[in-house]
file work_25.cif (mmCIF, C-alpha atoms)
data_query
#
loop_
_atom_site.group_PDB
_atom_site.id
_atom_site.type_symbol
_atom_site.label_atom_id
_atom_site.label_comp_id
_atom_site.auth_asym_id
_atom_site.auth_seq_id
_atom_site.Cartn_x
_atom_site.Cartn_y
_atom_site.Cartn_z
ATOM 1 C CA ASN A 519 -47.737 22.289 47.790
ATOM 2 C CA ASN A 520 -45.085 21.523 45.145
ATOM 3 C CA ALA A 521 -42.800 24.323 46.298
ATOM 4 C CA GLU A 522 -42.758 23.022 49.881
ATOM 5 C CA LYS A 523 -41.991 19.500 48.687
ATOM 6 C CA LEU A 524 -39.165 20.757 46.459
ATOM 7 C CA ILE A 525 -37.614 22.910 49.205
ATOM 8 C CA THR A 526 -37.768 19.992 51.653
ATOM 9 C CA THR A 527 -36.051 17.739 49.110
ATOM 10 C CA LEU A 528 -33.370 20.340 48.379
ATOM 11 C CA HIS A 529 -32.721 20.936 52.076
ATOM 12 C CA SER A 530 -32.377 17.174 52.635
ATOM 13 C CA GLN A 531 -29.578 17.265 50.036
ATOM 14 C CA GLN A 532 -27.868 20.210 51.821
ATOM 15 C CA ILE A 533 -28.879 22.615 49.050
ATOM 16 C CA LYS A 534 -29.605 26.130 50.287
ATOM 17 C CA CYS A 535 -32.639 27.972 48.968
ATOM 18 C CA HIS A 536 -32.734 31.744 48.628
ATOM 19 C CA MET A 537 -35.583 33.961 47.505
ATOM 20 C CA LEU A 538 -34.805 37.063 45.479
ATOM 21 C CA THR A 539 -37.934 39.045 44.735
ATOM 22 C CA GLY A 540 -38.706 42.441 43.334
ATOM 23 C CA ASP A 541 -41.812 42.577 45.512
ATOM 24 C CA ALA A 542 -41.490 45.058 48.373
ATOM 25 C CA SER A 543 -44.605 43.873 50.240
ATOM 26 C CA ASN A 544 -44.682 41.425 53.155
ATOM 27 C CA SER A 545 -45.856 38.575 50.923
ATOM 28 C CA GLY A 546 -42.261 37.534 50.186
ATOM 29 C CA GLU A 547 -41.523 37.258 53.900
ATOM 30 C CA ARG A 548 -44.666 35.216 54.487
ATOM 31 C CA ILE A 549 -43.791 32.833 51.639
ATOM 32 C CA ALA A 550 -40.154 32.534 52.763
ATOM 33 C CA LYS A 551 -41.281 31.538 56.269
ATOM 34 C CA GLN A 552 -43.893 29.113 54.945
ATOM 35 C CA LEU A 553 -41.350 27.422 52.673
ATOM 36 C CA ASN A 554 -38.557 27.516 55.275
ATOM 37 C CA LEU A 555 -36.163 29.286 52.897
ATOM 38 C CA ASP A 556 -32.614 30.035 54.004
ATOM 39 C CA THR A 557 -32.666 33.712 53.051
ATOM 40 C CA LEU A 558 -34.992 36.319 51.606
ATOM 41 C CA HIS A 559 -34.022 39.426 49.693
ATOM 42 C CA ALA A 560 -37.056 41.574 48.912
ATOM 43 C CA ALA A 561 -37.453 44.700 46.783
ATOM 44 C CA CYS A 562 -34.573 43.572 44.535
ATOM 45 C CA SER A 563 -33.872 45.189 41.217
ATOM 46 C CA PRO A 564 -32.549 42.925 38.452
ATOM 47 C CA ARG A 565 -29.068 44.291 39.236
ATOM 48 C CA ASP A 566 -29.500 43.436 42.946
ATOM 49 C CA LYS A 567 -30.466 39.881 42.012
ATOM 50 C CA GLN A 568 -27.494 39.594 39.691
ATOM 51 C CA THR A 569 -25.114 40.913 42.371
ATOM 52 C CA HIS A 570 -26.450 38.375 44.874
ATOM 53 C CA VAL A 571 -26.072 35.479 42.429
ATOM 54 C CA GLU A 572 -22.555 36.595 41.488
ATOM 55 C CA ALA A 573 -21.620 36.872 45.184
ATOM 56 C CA LEU A 574 -22.786 33.303 45.825
ATOM 57 C CA ALA A 575 -20.839 32.058 42.792
ATOM 58 C CA ALA A 576 -17.740 33.976 43.928
ATOM 59 C CA LYS A 577 -17.903 32.088 47.248
ATOM 60 C CA GLY A 578 -17.707 28.826 45.294
ATOM 61 C CA ALA A 579 -21.415 27.977 45.344
ATOM 62 C CA ILE A 580 -22.984 26.386 42.309
ATOM 63 C CA VAL A 581 -26.023 28.546 41.656
ATOM 64 C CA ALA A 582 -29.254 27.510 39.974
ATOM 65 C CA MET A 583 -31.763 30.301 39.406
ATOM 66 C CA VAL A 584 -35.475 29.697 38.899
ATOM 67 C CA GLY A 585 -37.433 32.621 37.497
ATOM 68 C CA ASP A 586 -40.272 33.642 35.246
ATOM 69 C CA GLY A 587 -40.096 37.371 34.738
ATOM 70 C CA VAL A 588 -38.484 39.737 32.274
ATOM 71 C CA ASN A 589 -36.268 41.001 35.087
ATOM 72 C CA ASP A 590 -34.904 37.490 35.687
ATOM 73 C CA SER A 591 -33.354 37.052 32.250
ATOM 74 C CA PRO A 592 -30.243 39.195 32.956
ATOM 75 C CA VAL A 593 -29.668 37.253 36.189
ATOM 76 C CA PHE A 594 -29.812 33.942 34.321
ATOM 77 C CA ALA A 595 -26.485 34.767 32.687
ATOM 78 C CA SER A 596 -24.820 34.952 36.127
ATOM 79 C CA ALA A 597 -26.175 31.610 37.352
ATOM 80 C CA HIS A 598 -24.588 28.266 36.557
ATOM 81 C CA LEU A 599 -28.023 26.907 35.701
ATOM 82 C CA ALA A 600 -31.003 29.019 34.637
ATOM 83 C CA ILE A 601 -34.477 27.498 34.938
ATOM 84 C CA ALA A 602 -37.483 29.346 33.542
ATOM 85 C CA MET A 603 -41.137 28.623 34.064
ATOM 86 C CA GLU A 604 -43.154 27.855 30.928
ATOM 87 C CA THR A 605 -45.735 30.432 31.968
ATOM 88 C CA GLY A 606 -43.050 33.105 32.267
ATOM 89 C CA ALA A 607 -41.946 35.856 29.938
ATOM 90 C CA ASP A 608 -40.597 34.792 26.553
ATOM 91 C CA ILE A 609 -37.280 36.538 27.127
ATOM 92 C CA SER A 610 -36.682 34.559 30.327
ATOM 93 C CA LYS A 611 -37.491 31.298 28.519
ATOM 94 C CA ASN A 612 -35.140 32.208 25.673
ATOM 95 C CA SER A 613 -32.244 32.978 28.014
ATOM 96 C CA ALA A 614 -32.747 29.930 30.278
ATOM 97 C CA ASP A 615 -30.875 26.641 30.131
ATOM 98 C CA VAL A 616 -33.996 24.673 31.102
ATOM 99 C CA VAL A 617 -37.676 25.497 30.742
ATOM 100 C CA LEU A 618 -40.206 23.781 32.985
ATOM 101 C CA LEU A 619 -43.140 22.785 30.811
ATOM 102 C CA ASN A 620 -45.699 23.246 33.560
ATOM 103 C CA SER A 621 -45.954 24.965 36.914
ATOM 104 C CA ASP A 622 -44.939 21.815 38.774
ATOM 105 C CA LEU A 623 -41.704 22.651 40.581
ATOM 106 C CA THR A 624 -41.144 18.991 41.400
ATOM 107 C CA ALA A 625 -39.818 18.686 37.841
ATOM 108 C CA ILE A 626 -36.663 20.251 39.295
ATOM 109 C CA GLU A 627 -36.268 17.119 41.456
ATOM 110 C CA HIS A 628 -36.417 15.021 38.287
ATOM 111 C CA LEU A 629 -33.900 17.322 36.623
ATOM 112 C CA LEU A 630 -31.553 16.891 39.602
ATOM 113 C CA THR A 631 -31.905 13.103 39.482
ATOM 114 C CA VAL A 632 -31.164 12.991 35.758
ATOM 115 C CA SER A 633 -28.183 15.325 36.080
ATOM 116 C CA LYS A 634 -26.630 13.326 38.939
ATOM 117 C CA LYS A 635 -27.092 10.060 37.062
ATOM 118 C CA THR A 636 -25.632 11.641 33.893
ATOM 119 C CA ARG A 637 -22.596 12.884 35.781
ATOM 120 C CA ARG A 638 -22.038 9.443 37.325
ATOM 121 C CA ILE A 639 -22.269 7.719 33.924
ATOM 122 C CA VAL A 640 -19.904 10.228 32.297
ATOM 123 C CA LYS A 641 -17.347 9.503 35.033
ATOM 124 C CA GLN A 642 -17.807 5.758 34.521
ATOM 125 C CA ASN A 643 -17.321 6.147 30.767
ATOM 126 C CA LEU A 644 -14.161 8.196 31.265
ATOM 127 C CA ALA A 645 -12.822 5.577 33.674
ATOM 128 C CA LEU A 646 -13.598 2.745 31.227
ATOM 129 C CA SER A 647 -11.875 4.595 28.403
ATOM 130 C CA LEU A 648 -8.830 5.438 30.498
ATOM 131 C CA ILE A 649 -8.495 1.874 31.752
ATOM 132 C CA TYR A 650 -8.651 0.450 28.238
ATOM 133 C CA ASN A 651 -6.411 3.049 26.607
ATOM 134 C CA GLY A 652 -3.998 3.044 29.546
ATOM 135 C CA SER A 653 -3.557 -0.701 29.321
ATOM 136 C CA ILE A 654 -3.738 -1.445 25.591
ATOM 137 C CA LEU A 655 -1.606 1.433 24.261
ATOM 138 C CA PRO A 656 1.578 0.413 26.122
ATOM 139 C CA LEU A 657 1.008 -3.216 25.140
ATOM 140 C CA ALA A 658 0.503 -2.257 21.496
ATOM 141 C CA ALA A 659 3.565 0.040 21.576
ATOM 142 C CA LEU A 660 5.688 -2.810 22.917
ATOM 143 C CA GLY A 661 4.384 -5.098 20.184
ATOM 144 C CA LEU A 662 2.695 -7.431 22.664
ATOM 145 C CA VAL A 663 -0.720 -6.871 21.070
ATOM 146 C CA ALA A 664 -1.294 -7.057 17.333
ATOM 147 C CA PRO A 665 -2.705 -3.844 15.828
ATOM 148 C CA TRP A 666 -5.839 -5.613 14.602
ATOM 149 C CA MET A 667 -6.520 -6.824 18.164
ATOM 150 C CA ALA A 668 -6.140 -3.282 19.494
ATOM 151 C CA VAL A 669 -8.638 -2.045 16.881
ATOM 152 C CA ILE A 670 -11.158 -4.717 17.848
ATOM 153 C CA GLY A 671 -10.612 -3.861 21.503
ATOM 154 C CA MET A 672 -11.127 -0.164 20.781
ATOM 155 C CA SER A 673 -14.437 -0.955 19.054
ATOM 156 C CA ALA A 674 -15.501 -3.123 21.982
ATOM 157 C CA SER A 675 -14.541 -0.336 24.367
ATOM 158 C CA SER A 676 -16.671 2.144 22.388
ATOM 159 C CA ILE A 677 -19.631 -0.248 22.401
ATOM 160 C CA LEU A 678 -19.270 -0.654 26.163
ATOM 161 C CA VAL A 679 -19.264 3.137 26.688
ATOM 162 C CA ILE A 680 -22.308 3.583 24.429
ATOM 163 C CA THR A 681 -24.177 0.773 26.178
ATOM 164 C CA ASN A 682 -23.402 2.316 29.546
ATOM 165 C CA SER A 683 -24.701 5.685 28.301
ATOM 166 C CA LEU A 684 -27.946 4.101 27.109
ATOM 167 C CA ARG A 685 -28.823 3.493 30.754
ATOM 168 C CA LEU A 686 -29.757 7.191 30.842
ATOM 169 C CA LEU A 687 -32.470 6.562 28.281
ATOM 170 C CA LYS A 688 -33.905 3.926 30.597
ATOM 171 C CA LEU A 689 -34.017 6.541 33.375
ATOM 172 C CA TRP A 690 -35.962 8.961 31.151
ATOM 173 C CA VAL A 691 -38.402 6.343 29.884
ATOM 174 C CA SER A 692 -39.034 4.769 33.289
ATOM 175 C CA SER A 693 -39.793 8.095 34.957
ATOM 176 C CA THR A 694 -41.988 9.669 32.328
ATOM 177 C CA CYS A 695 -43.160 9.297 28.759
ATOM 178 C CA LEU A 696 -40.599 10.964 26.481
ATOM 179 C CA SER A 697 -43.301 13.007 24.770
ATOM 180 C CA GLN A 698 -44.458 14.408 28.139
ATOM 181 C CA LEU A 699 -41.203 15.412 29.820
ATOM 182 C CA PRO A 700 -41.697 17.981 32.595
ATOM 183 C CA PHE A 701 -38.902 20.157 31.195
ATOM 184 C CA TYR A 702 -36.793 20.659 28.122
ATOM 185 C CA LEU A 703 -33.156 21.609 27.785
ATOM 186 C CA CYS A 704 -32.344 24.629 25.676
#
call {"tool": "encode", "arguments": {"input": "work_25.cif", "output": "structure tokens"}}
result
Amino acid sequence: NNAEKLITTLHSQQIKCHMLTGDASNSGERIAKQLNLDTLHAACSPRDKQTHVEALAAKGAIVAMVGDGVNDSPVFASAHLAIAMETGADISKNSADVVLLNSDLTAIEHLLTVSKKTRRIVKQNLALSLIYNGSILPLAALGLVAPWMAVIGMSASSILVITNSLRLLKLWVSSTCLSQLPFYLC
């Protein structure tokens, strides 16, 4: 089951998994036990879901919400990341940050991998820029580097940052065909 695989992966990364459902029956409890979820909140109204998400965020948690119903769209605004299922209600897809293009929840694993790699590359690019600018600006201000050399160095620095960023494209292409991505960003 894709959900079990995803929950196992998330737990291995110390990510807690909560279930907020409007269903009042015992099916939510059965699913929560089967998936080994951290908590279950059943018979939730959209406001209850939103309150729970806001409480988690207030405690400093970064909250990603996965949903597919009309009642999930107001909660999406309270989450740091809103993920809608492609088969869900149009309003939830329109208010989400990411829409899964199929019912395969393992696409969330791919999304996590891409986001972590993106964050790492952004930090590398910032470090490269700071190192260059922090070293060349004082030298140029002191007249130790000719202005034309600083300009060439700035261009080389930009090319280096762009080349480093292109590694993300390699990640996308190597994991899946670009025309068949398992999700799209809104």
call {"tool": "atom_distance", "arguments": {"input": "work_25.cif", "atom1": "atom CA of Leu618 of chain A", "atom2": "atom CA of Glu604 of chain A"}}
result
5.4 Å
call {"tool": "atom_distance", "arguments": {"input": "work_25.cif", "atom1": "atom CA of Leu630 of chain A", "atom2": "atom CA of Ser591 of chain A"}}
result
21.5 Å
call {"tool": "residues_around", "arguments": {"input": "work_25.cif", "residues": "segment 642-659 of chain A", "least_positions_apart": "4", "cutoff": "12 Å", "atoms": "all atoms listed in the file", "output": "JSON list (two decimals) with C-alpha atoms, keeping the file's coordinate frame"}}
result
[["chain", "number", "residue", "atom", "x", "y", "z"],
["A", 635, "LYS", "CA", -27.09, 10.06, 37.06],
["A", 636, "THR", "CA", -25.63, 11.64, 33.89],
["A", 637, "ARG", "CA", -22.60, 12.88, 35.78],
["A", 638, "ARG", "CA", -22.04, 9.44, 37.33],
["A", 663, "VAL", "CA", -0.72, -6.87, 21.07],
["A", 664, "ALA", "CA", -1.29, -7.06, 17.33],
["A", 665, "PRO", "CA", -2.70, -3.84, 15.83],
["A", 666, "TRP", "CA", -5.84, -5.61, 14.60],
["A", 667, "MET", "CA", -6.52, -6.82, 18.16],
["A", 668, "ALA", "CA", -6.14, -3.28, 19.49],
["A", 669, "VAL", "CA", -8.64, -2.04, 16.88],
["A", 670, "ILE", "CA", -11.16, -4.72, 17.85],
["A", 671, "GLY", "CA", -10.61, -3.86, 21.50],
["A", 672, "MET", "CA", -11.13, -0.16, 20.78],
["A", 673, "SER", "CA", -14.44, -0.96, 19.05],
["A", 674, "ALA", "CA", -15.50, -3.12, 21.98],
["A", 675, "SER", "CA", -14.54, -0.34, 24.37],
["A", 676, "SER", "CA", -16.67, 2.14, 22.39],
["A", 677, "ILE", "CA", -19.63, -0.25, 22.40],
["A", 678, "LEU", "CA", -19.27, -0.65, 26.16],
["A", 679, "VAL", "CA", -19.26, 3.14, 26.69],
["A", 680, "ILE", "CA", -22.31, 3.58, 24.43],
["A", 681, "THR", "CA", -24.18, 0.77, 26.18],
["A", 682, "ASN", "CA", -23.40, 2.32, 29.55],
["A", 683, "SER", "CA", -24.70, 5.68, 28.30],
["A", 684, "LEU", "CA", -27.95, 4.10, 27.11],
["A", 685, "ARG", "CA", -28.82, 3.49, 30.75]]
call {"tool": "closest_residue", "arguments": {"input": "work_25.cif", "among": "A:Ala561, A:Ala614, A:Leu687, A:Ala521", "to": "Ala582 of chain A", "atoms": "all atoms listed in the file"}}
result
A:Ala614
call {"tool": "residues_around", "arguments": {"input": "work_25.cif", "residues": "Ser610 of chain A", "least_positions_apart": "4", "cutoff": "12 Å", "atoms": "all atoms listed in the file", "output": "list of chain:residue names"}}
result
A:Met583, A:Val584, A:Gly585, A:Asp586, A:Gly587, A:Val588, A:Asn589, A:Asp590, A:Ser591, A:Pro592, A:Val593, A:Phe594, A:Ala595, A:Ala600, A:Ile601, A:Ala602, A:Met603, A:Glu604, A:Thr605, A:Gly606, A:Ala614, A:Asp615, A:Val616, A:Val617, A:Leu618, A:Cys704
call {"tool": "write_last_selection", "arguments": {"input": "work_25.cif", "atoms": "C-alpha atoms", "output": "tab-separated table (two decimals), in the coordinates of the input"}}
result
chain	number	residue	atom	x	y	z
A	583	MET	CA	-31.76	30.30	39.41
A	584	VAL	CA	-35.48	29.70	38.90
A	585	GLY	CA	-37.43	32.62	37.50
A	586	ASP	CA	-40.27	33.64	35.25
A	587	GLY	CA	-40.10	37.37	34.74
A	588	VAL	CA	-38.48	39.74	32.27
A	589	ASN	CA	-36.27	41.00	35.09
A	590	ASP	CA	-34.90	37.49	35.69
A	591	SER	CA	-33.35	37.05	32.25
A	592	PRO	CA	-30.24	39.20	32.96
A	593	VAL	CA	-29.67	37.25	36.19
A	594	PHE	CA	-29.81	33.94	34.32
A	595	ALA	CA	-26.48	34.77	32.69
A	600	ALA	CA	-31.00	29.02	34.64
A	601	ILE	CA	-34.48	27.50	34.94
A	602	ALA	CA	-37.48	29.35	33.54
A	603	MET	CA	-41.14	28.62	34.06
A	604	GLU	CA	-43.15	27.86	30.93
A	605	THR	CA	-45.74	30.43	31.97
A	606	GLY	CA	-43.05	33.10	32.27
A	614	ALA	CA	-32.75	29.93	30.28
A	615	ASP	CA	-30.88	26.64	30.13
A	616	VAL	CA	-34.00	24.67	31.10
A	617	VAL	CA	-37.68	25.50	30.74
A	618	LEU	CA	-40.21	23.78	32.98
A	704	CYS	CA	-32.34	24.63	25.68
call {"tool": "atom_distance", "arguments": {"input": "work_25.cif", "atom1": "atom CA of Leu555 of chain A", "atom2": "atom CA of His529 of chain A"}}
result
9.1 Å
call {"tool": "resolve_selection", "arguments": {"input": "work_25.cif", "expression": "the PyMOL selection byres ((chain A and resi 571) around 8)", "output": "PyMOL selection string"}}
result
chain A and resi 567-570+572-575+581+593+596-597
call {"tool": "closest_residue", "arguments": {"input": "work_25.cif", "among": "A:Asn620, A:Ser563, A:Gln552, A:Thr557", "to": "Gly540 of chain A", "atoms": "all atoms listed in the file"}}
result
A:Ser563
call {"tool": "resolve_selection", "arguments": {"input": "work_25.cif", "expression": "the PyMOL selection byres ((chain A and resi 624) around 8)", "output": "list in words"}}
result
Asn520, Ala521, Lys523, Leu524, Asp622, Leu623, Ala625, Ile626, Glu627 and His628 of chain A
call {"tool": "resolve_selection", "arguments": {"input": "work_25.cif", "expression": "the PyMOL selection byres ((chain A and resi 549-551) around 12)", "output": "mmCIF file with C-alpha atoms, in the coordinates of the input"}}
result
data_model
loop_
_atom_site.group_PDB
_atom_site.id
_atom_site.type_symbol
_atom_site.label_atom_id
_atom_site.label_comp_id
_atom_site.auth_asym_id
_atom_site.auth_seq_id
_atom_site.Cartn_x
_atom_site.Cartn_y
_atom_site.Cartn_z
ATOM 1 C CA ASN A 519 -47.737 22.289 47.790
ATOM 2 C CA ALA A 521 -42.800 24.323 46.298
ATOM 3 C CA GLU A 522 -42.758 23.022 49.881
ATOM 4 C CA ILE A 525 -37.614 22.910 49.205
ATOM 5 C CA CYS A 535 -32.639 27.972 48.968
ATOM 6 C CA HIS A 536 -32.734 31.744 48.628
ATOM 7 C CA MET A 537 -35.583 33.961 47.505
ATOM 8 C CA LEU A 538 -34.805 37.063 45.479
ATOM 9 C CA THR A 539 -37.934 39.045 44.735
ATOM 10 C CA ASP A 541 -41.812 42.577 45.512
ATOM 11 C CA SER A 543 -44.605 43.873 50.240
ATOM 12 C CA ASN A 544 -44.682 41.425 53.155
ATOM 13 C CA SER A 545 -45.856 38.575 50.923
ATOM 14 C CA GLY A 546 -42.261 37.534 50.186
ATOM 15 C CA GLU A 547 -41.523 37.258 53.900
ATOM 16 C CA ARG A 548 -44.666 35.216 54.487
ATOM 17 C CA GLN A 552 -43.893 29.113 54.945
ATOM 18 C CA LEU A 553 -41.350 27.422 52.673
ATOM 19 C CA ASN A 554 -38.557 27.516 55.275
ATOM 20 C CA LEU A 555 -36.163 29.286 52.897
ATOM 21 C CA ASP A 556 -32.614 30.035 54.004
ATOM 22 C CA THR A 557 -32.666 33.712 53.051
ATOM 23 C CA LEU A 558 -34.992 36.319 51.606
ATOM 24 C CA HIS A 559 -34.022 39.426 49.693
ATOM 25 C CA ALA A 560 -37.056 41.574 48.912
#
